[in-house]
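Trainee: Below is the structure I would like to discuss, written out as structure tokens.
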Amino acid sequence: MASSRRGFLRLSAGVAGLGGLSAASGCGAFGTSKNSSDKLTLWYWNRSIDDGLLAESPKKISGLKLDAQKIGGSYKPALLTTLAGRASVPDIACINSDIATYFPDSDQFVNLYDHGAKQYESLYLPWKWKQGVTPEGRMIGFPMDTGPTALMYRRDVFAKAGLPQDPGAVSQRVKTWDDYLEVGSVLKSKIPGTVLVGTISTIYGQMVAQLARQYSGPDGRMLADLSGVKNAWDTAVKAKKMGLSLGSAENQPDWFAGMTNGKIATTVGAVWEAFIMLDGAGSTSGKWHCCRAPGGAGNSGGSFMSVTKYCSDPALAFKLIAWLQSPANQVKSYTDIQLFPSAISSLSDPAMDKPDPFFGGQRTVDVWGTSAKNVKPALLGPYDSLISTPITTELTNVENAGKDPNRAWDDALALARKQLKHAGVE
Amino acid sequence: MRIAKRSILHLALILGAIVSLFPFYWMLVMSTSTTEEIFKYPPKLWFGSKLLVNLRHVFDSISFWHALLNTLFVAVVTTALVLFFDSLAAFVFAKYDFPGKKILFVILLATFLVPTQLSLVPSFVIMAHLGWVGSFKALIVPSMVNAFGIFWMRQYAEGALPNELLEAGRVDGCHFMRLYFNIALPALRPALAFLGIFTFITVWNDYLWPLVILTNHNKQTLQVALSQLNGIYSTDYSMVMAGTLLAVIPLIVIFLIGARQFIADLTAGAVKG
Amino acid sequence: MTTTTAVTAAPGPGAVTTAAATGQQRPKRKRELLSLYLAISPFYIIFAAFGIFPIIFSIYLSFHAWDGIGSMKYVGWGQYGYLIHDNEFWYSLLHTVEIWVISTVPMLMLALVIAFLLNTQIRFKTAYRVAYFIPNITSIVAIAIIFGSIFANNFGIVNSFLHALGGGQVQWLTDPWGIRVAIAAMVVWRWTGYNAIIYLAGLQAINSDLFEAARVDGASQVQTFFRITIPLLRPVILFTVIMSTIGGLQIFTESQVLIPGNSGGTNNAGETMVLYLYKQAFTQQQFGYGAALGWALFLIILIASIINWRLVQLRGRD
């Protein structure tokens with residue numbers, strides 16, 4: 001490297017340019033070599049892995065020297081840059097719920113099935129496990145946490161509106177999404193100014209999160225039959241027509257303010273949303289309850305651990321992953337930093353079953369756990385965002401600019417098709 | 001009448017200052033509150049009592065002082081190099097004629113316009129080839145001279161450097177480096193002050209490039225370290241604000257030092273010669 | 001040899017007379033030329049080493065389809081062809097220009113006035129300077145939270161104020177024009193003090209005797225401002241106009257932090273060109289298209305910069 005440095009500087013871009021381009025297109029001289037350090041580097045976000053466990057891991061796994069690097073903020077651009085540049089790629093990387101976007105380049109990752117992952121498969125929620133496996137059957141992501149969803153509602157507001165307050169009774173009352181909208185109109189008529197939900201995007205997103213067939217099939221192409229998604233769209237539009245939303249985007253100041261002063265009576269969301277609400281609308285803590293979401297179980301969010309092909313010791317890396325995500329350690333991660341487990345036995349661990357002060361002392365693990373166990377295995381495609389982004393953008397136009405829903409739907413699909421074609425998918 | 005005019009002037013300036021300062025004040029409030037209080041509705045406008053707790057969280061979570069020293073080193077070195085190289089080039093462009101001047105300056109200006117949003121990957125490839133990944137060189141060397149500063153200093157020098165003065169120096173037989181050090185630099189002090197402040201702040205707040213290039217703990221800069229405080233689902237804003245507040249204090253100091261150069265008389269004397 | 005080159009914006013006698021014309025001192029002139037080239041060389045060396053390759057890469061990339069990791073696929077002019085028919089891009093151009101006009105023009109005027117005032121004999125100068133500069137170093141996260149609260153639709157400070165005055169509420173963060181105004185307000189807020197500091201530095205170069213003479217002649221502050229300050233500040237004004245053109249057409253951060261979702265909100269009203277580029281490249285992993293967008297941006301900024309340069313120069317000749 002040292003000898004080429006001066007030459008590089010003198011000749012500047014021409015030669016280096018070609019070298020870099022061929023490296024980036026995958027046939028360069030440099031790029032296939034493995035990381036040489038005797039330490040394994042691990043990239044993760046704050047609060048995605050329990051720091052205590054990481055500190056403990058070298059003692060538990062013989063021969064492990066770990067360099068755990070917490071990468072904040074722009075995690076994905078940073079990871080993509082190292083992968084594209086074929087340098088400084090971490091041995092082990094945490095990957096977010098968009099793991100399917102890495103499927104077309106699954107050759108960049110180690111197939112965990114080659115390192116004995118199969119024997120762990122039965123320990124984890126099947127739908128979660130499948131999300132880390134490519135359509136060709138390569139396993140590139142090991143289950144970390146999950147984001148089971150539920151209905152969260154203000155007990156005090158429900159009481160005022162003469163609605164049931166007990167979680168069991170509420171879940172009986174809102175079995176379907178239509179029931180949910182009906183509760184919304186009761187709330188609206190009994191307590192004027194109260195809305196069911198902050199934004200109709202919540203309804204749309206959470207209905208899609210319950211679907212087994214969302215946007216694309218195993219080949220990444222858009223489903224010919226988008227009836228599930230269209231049904232979610234229609235329900236969201238209906239909520240808008242009934243005047244059940246405030247029109248404030250999730251997790252924004254307006255949304256939190258609406259929660260705080262009791263204008264927003266319910267929301268549907270993943271288990272981690274409750275922690276955001278605790279931060280953003282903390283004064284309402286204790287006034288909430290949660291129960292099964294209308295329409296049933298769903299998942300939103302959750303992460304995976306991957307081993308890159310640059311890893312010098314994939315077997316050791318896999319050992320670390322399996323240990324970090326063992327059922328016992330997932331319980332510890334939940335009690336320490338509220339990461340909801342993906343291991344089946346963790347869900348029934350007594351340590352999980354605690355009264356939750358945010359939900360007025362309700363023991364919530366049953367609600368989240370039941371949801372987690374019943375999520376339908378959804379096919380997530382690498383190009384889903386090319387379809388979902390136009391739809392959610394158009395839904396915003398319907399909600400906030402009064403755009404005609406039919407035109408908005410047609411525009412969204414037209415743009416989605418155009419983008420997919422542009423990406424070379426259709 | 002004069003007093004009334006003055007009062008109106010001050011009133012307008014104070015009003016503007018309040019508008020400018022309010023988010024900063026809010027940042028102070030946030031760093032002394034709990035995250036729950038930050039999002040309180042209606043907003044909480046007075047300081048809380050959690051500053052020390054928040055600061056302790058910051059110090060427990062990241063190696064703050066180490067990152068501070070790293071950032072100081074990179075920022076000071078880069079700023080010093082930028083001030084020298086930019087002002088030297090600007091002096092030449094403003095006050096000398098030479099073959100190719102026009103085209104060279106046009107090239108310099110054109111580099112501004114080049115889209116840099118996608119240069120992350122190729123720049124990273126260069127650094128990987130050079131073996132500079134994980135080294136401060138990767139931060140300092142590419143930014144030690146820039147078109148922005150040269151353009152700025154040249155525009156400034158047009159008005160601030162009287163040709164008669166330089167002519168006099170030349171008649172006395174001064175070499176051009178002597179002219180640069182003895183005549184140009186003193187006259188350019190206010191411009192250097194702005195460029196220094198600007199460069200220092202830019203380097204200080206730079207985030208994505210250091211994040212990609214310096215992943216090892218002991219080389220981390222402050223912004224990279226602070227970004228680790230963001231959680232995957234939710235963020236402890238009170239802690240983030242406390243950390244951010246600490247990171248901003250040196251910038252205020254730098255600004256105060258730099259702004260002292262904007263005192264009219266100080267330079268007037270030098271230019272009058 | 002003694003006149004200014006065409007790119008030189010400032011009026012005045014021009015460059016230092018060199019000895020070259022006399023012919024007697026050729027070796028000396030040669031030595032001097034060498035040191036001149038040496039003095040400007042660092043920029044070009046660094047640019048050659050670190051700047052050219054990313055440019056070549058980006059041009060190359062714009063003729064390919066690439067997801068950022070795997071192999072690139074050559075698509076010829078395909079990305080540019082797509083761009084020509086991409087409504088979202090053309091709208092992003094329109095939105096950028098709209099936001100740019102309603103932010104840059106008031107911002108530069110305000111900055112000039114503030115700088116002029118802060119340069120007069122006034123008390124608490126330092127305090128004012130710090131106050132006006134502070135927005136530029138306030139954390140963007142804090143700014144996002146506070147501006148989100150200020151402009152919030154239902155429970156925002158601005159709307160509460162409008163309501164108290166008996167006015168109607170504006171859906172700042174969801175109405176297409178509300179979004180643009182809110183983004184522009186944030187730009188003005190963040191960058192006015194910064195530009196004021198540039199002008200303030202520029203004012204230091206103006207001999208204070210001139211202001212003194214004007215005062216003795218009985219000129220009012222307004223007259224001084226238009227007759228002395230503005231003409232003498234022209235090179236610096238040109239600098240800020242060009243930098244605001246480039247920076248303004250690349251507006252991105254303000255829009256991204258204020259409107260969640262990287263799409264600019266309702267009708268993509270806050271989606272600027274760079275935000276669109278960012279979305280295509282980093283959230284949809286269309287890096288080839290991102291590169292093509294980058295070069296379209298280059299062309300647009302180039303044209304805008306040339307127009308603005310000419311405008312400032314023409315006004316100078318009046």
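How things are named: the first chain in the structure tokens is A, the next is B, and so on; residues count from 1 in each chain; ligands count from 1 in the order shown.
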Please, which residues in chain C fall within 6 Å of chain B when counting only C-alpha atoms, and what is the closest atom pair and distance in Å to one decimal for each, ordered by chain then residue number, as CSV?
Mentor:
```
residue,atom,partner,partner_atom,distance
C:Ala15,CA,B:Lys95,CA,4.7
C:Val16,CA,B:Lys95,CA,5.7
C:Ala39,CA,B:Ala89,CA,5.6
C:Ile40,CA,B:Ala89,CA,4.5
C:Phe43,CA,B:Val145,CA,5.6
C:Pro54,CA,B:Pro122,CA,5.1
C:Ala131,CA,B:Ala17,CA,5.4
C:Tyr132,CA,B:Ser20,CA,5.8
C:Pro135,CA,B:Ser20,CA,5.9
C:Thr138,CA,B:Phe24,CA,5.8
C:Ala142,CA,B:Met27,CA,5.8
C:Ala201,CA,B:Pro190,CA,5.1
C:Gln204,CA,B:Ala264,CA,5.3
C:Ala205,CA,B:Ala160,CA,4.7
C:Pro235,CA,B:Gln155,CA,5.2
C:Val236,CA,B:Gln155,CA,5.9
C:Gly294,CA,B:Pro115,CA,5.3
C:Phe298,CA,B:Leu113,CA,5.6
```
Trainee: Excluding same-chain residues fewer than 6 positions from Val170 in chain C, what lies within 8 Å of it counting only C-alpha atoms, as a list in words?
Mentor: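 Here the qualifying residues turn out to be Asn153, Asn159 and Gly178 of chain C.
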Trainee: Just to confirm, what's the straight-line distance from CA of Phe142 in chain A to CA of Val212 in chain B in Å (one decimal)?
Mentor: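 Calculated distance between CA of Phe142 in chain A and CA of Val212 in chain B is 24.5 Å.
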Trainee: I need the chain C residues near chain A as a ChimeraX atom specification; criterion: at most 9 Å, counting only C-alpha atoms.
Mentor: /C:45,48-54,56-57,60,65-73,78-79,82,145-146,148-149,151-156,171,173-176,260-261,263,265-268,282-286
Trainee: Starting from chain B, keep only residues with some atom at most 8 Å from an atom of chain A, counting only C-alpha atoms, and report them as an MDAnalysis selection string.
Mentor: chainID B and resid 35:42 120:122 124:126 128:131 133 208 211:212 215:217 224:234 236
Trainee: If you keep C-alpha atoms, can you produce a file of those selected residues as a short mmCIF file (atom, residue, chain, number, x, y, z; two decimals), in the first residue's frame?
Mentor:
```cif
data_model
loop_
_atom_site.label_atom_id
_atom_site.label_comp_id
_atom_site.auth_asym_id
_atom_site.auth_seq_id
_atom_site.Cartn_x
_atom_site.Cartn_y
_atom_site.Cartn_z
CA THR B 35 -37.08 13.93 28.32
CA GLU B 36 -40.66 13.77 29.48
CA GLU B 37 -40.58 17.45 30.40
CA ILE B 38 -39.18 18.39 26.97
CA PHE B 39 -42.33 17.29 25.20
CA LYS B 40 -44.63 18.62 27.83
CA TYR B 41 -47.68 20.46 26.61
CA PRO B 42 -47.98 23.37 27.13
CA LEU B 120 -19.02 9.37 0.16
CA VAL B 121 -18.27 6.05 -1.50
CA PRO B 122 -15.54 7.17 -3.94
CA PHE B 124 -13.91 6.24 1.02
CA VAL B 125 -12.38 4.12 -1.75
CA ILE B 126 -9.53 6.64 -2.10
CA ALA B 128 -8.94 2.78 1.64
CA HIS B 129 -6.35 2.76 -1.19
CA LEU B 130 -4.15 5.18 0.72
CA GLY B 131 -4.53 3.20 3.90
CA VAL B 133 -9.10 4.75 6.98
CA LEU B 208 -21.09 11.68 8.19
CA LEU B 211 -18.51 8.52 11.10
CA VAL B 212 -17.55 6.45 8.09
CA THR B 215 -15.02 3.96 13.51
CA ASN B 216 -12.48 3.02 16.17
CA HIS B 217 -13.18 4.38 19.63
CA VAL B 224 -19.66 10.90 16.04
CA ALA B 225 -19.52 10.12 19.75
CA LEU B 226 -22.63 12.19 20.47
CA SER B 227 -24.58 10.44 17.73
CA GLN B 228 -24.18 7.21 19.68
CA LEU B 229 -26.62 8.62 22.20
CA ASN B 230 -29.49 8.20 19.72
CA GLY B 231 -31.45 5.09 20.52
CA ILE B 232 -32.83 2.66 17.98
CA TYR B 233 -36.50 3.36 18.74
CA SER B 234 -36.56 6.29 21.11
CA ASP B 236 -33.17 10.28 25.49
#
```
Trainee: When DSSP is applied to the backbone of this structure, which of range 126-218 of chain B are assigned alpha helix (DSSP H)? Write them out as a ChimeraX atom specification.
Mentor: /B:126-130,137-140,147-160,163-171,176-179,185-187,189-205,208-213
Trainee: Could you check which of A:Ala317, A:Ala378, A:Cys290, A:Val174 is closest to Phe358 in chain A, using only C-alpha atoms?
Mentor: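 Of A:Ala317, A:Ala378, A:Cys290, A:Val174, the one nearest Phe358 in chain A, counting only C-alpha atoms, is A:Cys290.
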Trainee: I'd like the neighbourhood of Trp368 in chain A as an MDAnalysis selection string, where a residue qualifies if any of its atoms comes within 12 Å (using only C-alpha atoms), though same-chain residues fewer than 3 positions away should be ignored.
Mentor: chainID A and resid 146:152 269:272 274 290:293 296:300 339:342 347:348 352:353 362:365 371:375
Trainee: May I ask for the distance between CA of Ala159 in chain A and CA of Lys241 in chain A, given in Å to one decimal place?
Mentor: 25.2 Å
Trainee: Given only C-alpha atoms as the basis, pick out the residue of C:Leu38, C:Leu238, C:Leu93, C:Ala219 nearest to Arg310 in chain C.
Mentor: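 Of the candidates, the smallest distance to Arg310 in chain C is held by C:Leu238.
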Trainee: Work out how far apart CA of Leu125 in chain A and CA of Arg221 in chain A are and give it in Å to one decimal.
Mentor: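 These atoms are spaced 26.1 Å apart.
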Trainee: Using only C-alpha atoms, can you tell me which of B:Ile197, B:Ala138, B:Leu179, B:Val77 comes closest to Ile198 in chain C?
Mentor: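 Smallest separation from Ile198 in chain C among the options: B:Ile197.
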Trainee: Within 9 Å of Leu187 in chain A, counting only C-alpha atoms, which residues show up once you throw out same-chain ones fewer than 2 positions away? Write them as a list of chain:residue names, please.
Mentor: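 Once the nearby chain positions are removed, what remains is A:Val157, A:Phe158, A:Lys160, A:Ala161, A:Gly162, A:Leu163, A:Glu182, A:Val183, A:Gly184, A:Ser185, A:Ser189, A:Lys190, A:Ile191, A:Pro192, A:Gly193, A:Thr194, A:Val195, A:Leu196, A:Leu244, A:Ala265.
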Trainee: If you keep C-alpha atoms, can you produce a file of those selected residues as a PDB file, in the first residue's frame?
Mentor:
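Output contents, as saved in part_6.pdb:
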```pdb
ATOM      1  CA  VAL A 157     -61.425   8.922  27.967  1.00  0.00           C
ATOM      2  CA  PHE A 158     -63.169   5.624  27.252  1.00  0.00           C
ATOM      3  CA  LYS A 160     -66.105   9.372  29.854  1.00  0.00           C
ATOM      4  CA  ALA A 161     -67.485   8.203  26.504  1.00  0.00           C
ATOM      5  CA  GLY A 162     -69.323   5.323  28.140  1.00  0.00           C
ATOM      6  CA  LEU A 163     -67.121   2.750  26.428  1.00  0.00           C
ATOM      7  CA  GLU A 182     -67.277   2.685  15.144  1.00  0.00           C
ATOM      8  CA  VAL A 183     -65.668   3.280  18.554  1.00  0.00           C
ATOM      9  CA  GLY A 184     -64.157   6.373  16.982  1.00  0.00           C
ATOM     10  CA  SER A 185     -67.542   7.780  16.085  1.00  0.00           C
ATOM     11  CA  SER A 189     -70.098  12.174  19.418  1.00  0.00           C
ATOM     12  CA  LYS A 190     -69.787  11.722  23.197  1.00  0.00           C
ATOM     13  CA  ILE A 191     -66.762  13.972  23.705  1.00  0.00           C
ATOM     14  CA  PRO A 192     -66.648  16.562  20.910  1.00  0.00           C
ATOM     15  CA  GLY A 193     -63.113  17.401  19.848  1.00  0.00           C
ATOM     16  CA  THR A 194     -61.796  13.957  20.671  1.00  0.00           C
ATOM     17  CA  VAL A 195     -60.311  11.909  17.868  1.00  0.00           C
ATOM     18  CA  LEU A 196     -59.729   8.203  17.548  1.00  0.00           C
ATOM     19  CA  LEU A 244     -61.682  10.482  13.248  1.00  0.00           C
ATOM     20  CA  ALA A 265     -57.844   8.698  22.633  1.00  0.00           C
TER      21      ALA A 265
END
```
Trainee: Pick out the closest residue to Phe63 in chain C from this set: C:Trp295, C:Ile183, C:Ala304, C:Gly288. Count only C-alpha atoms.
Mentor: C:Gly288
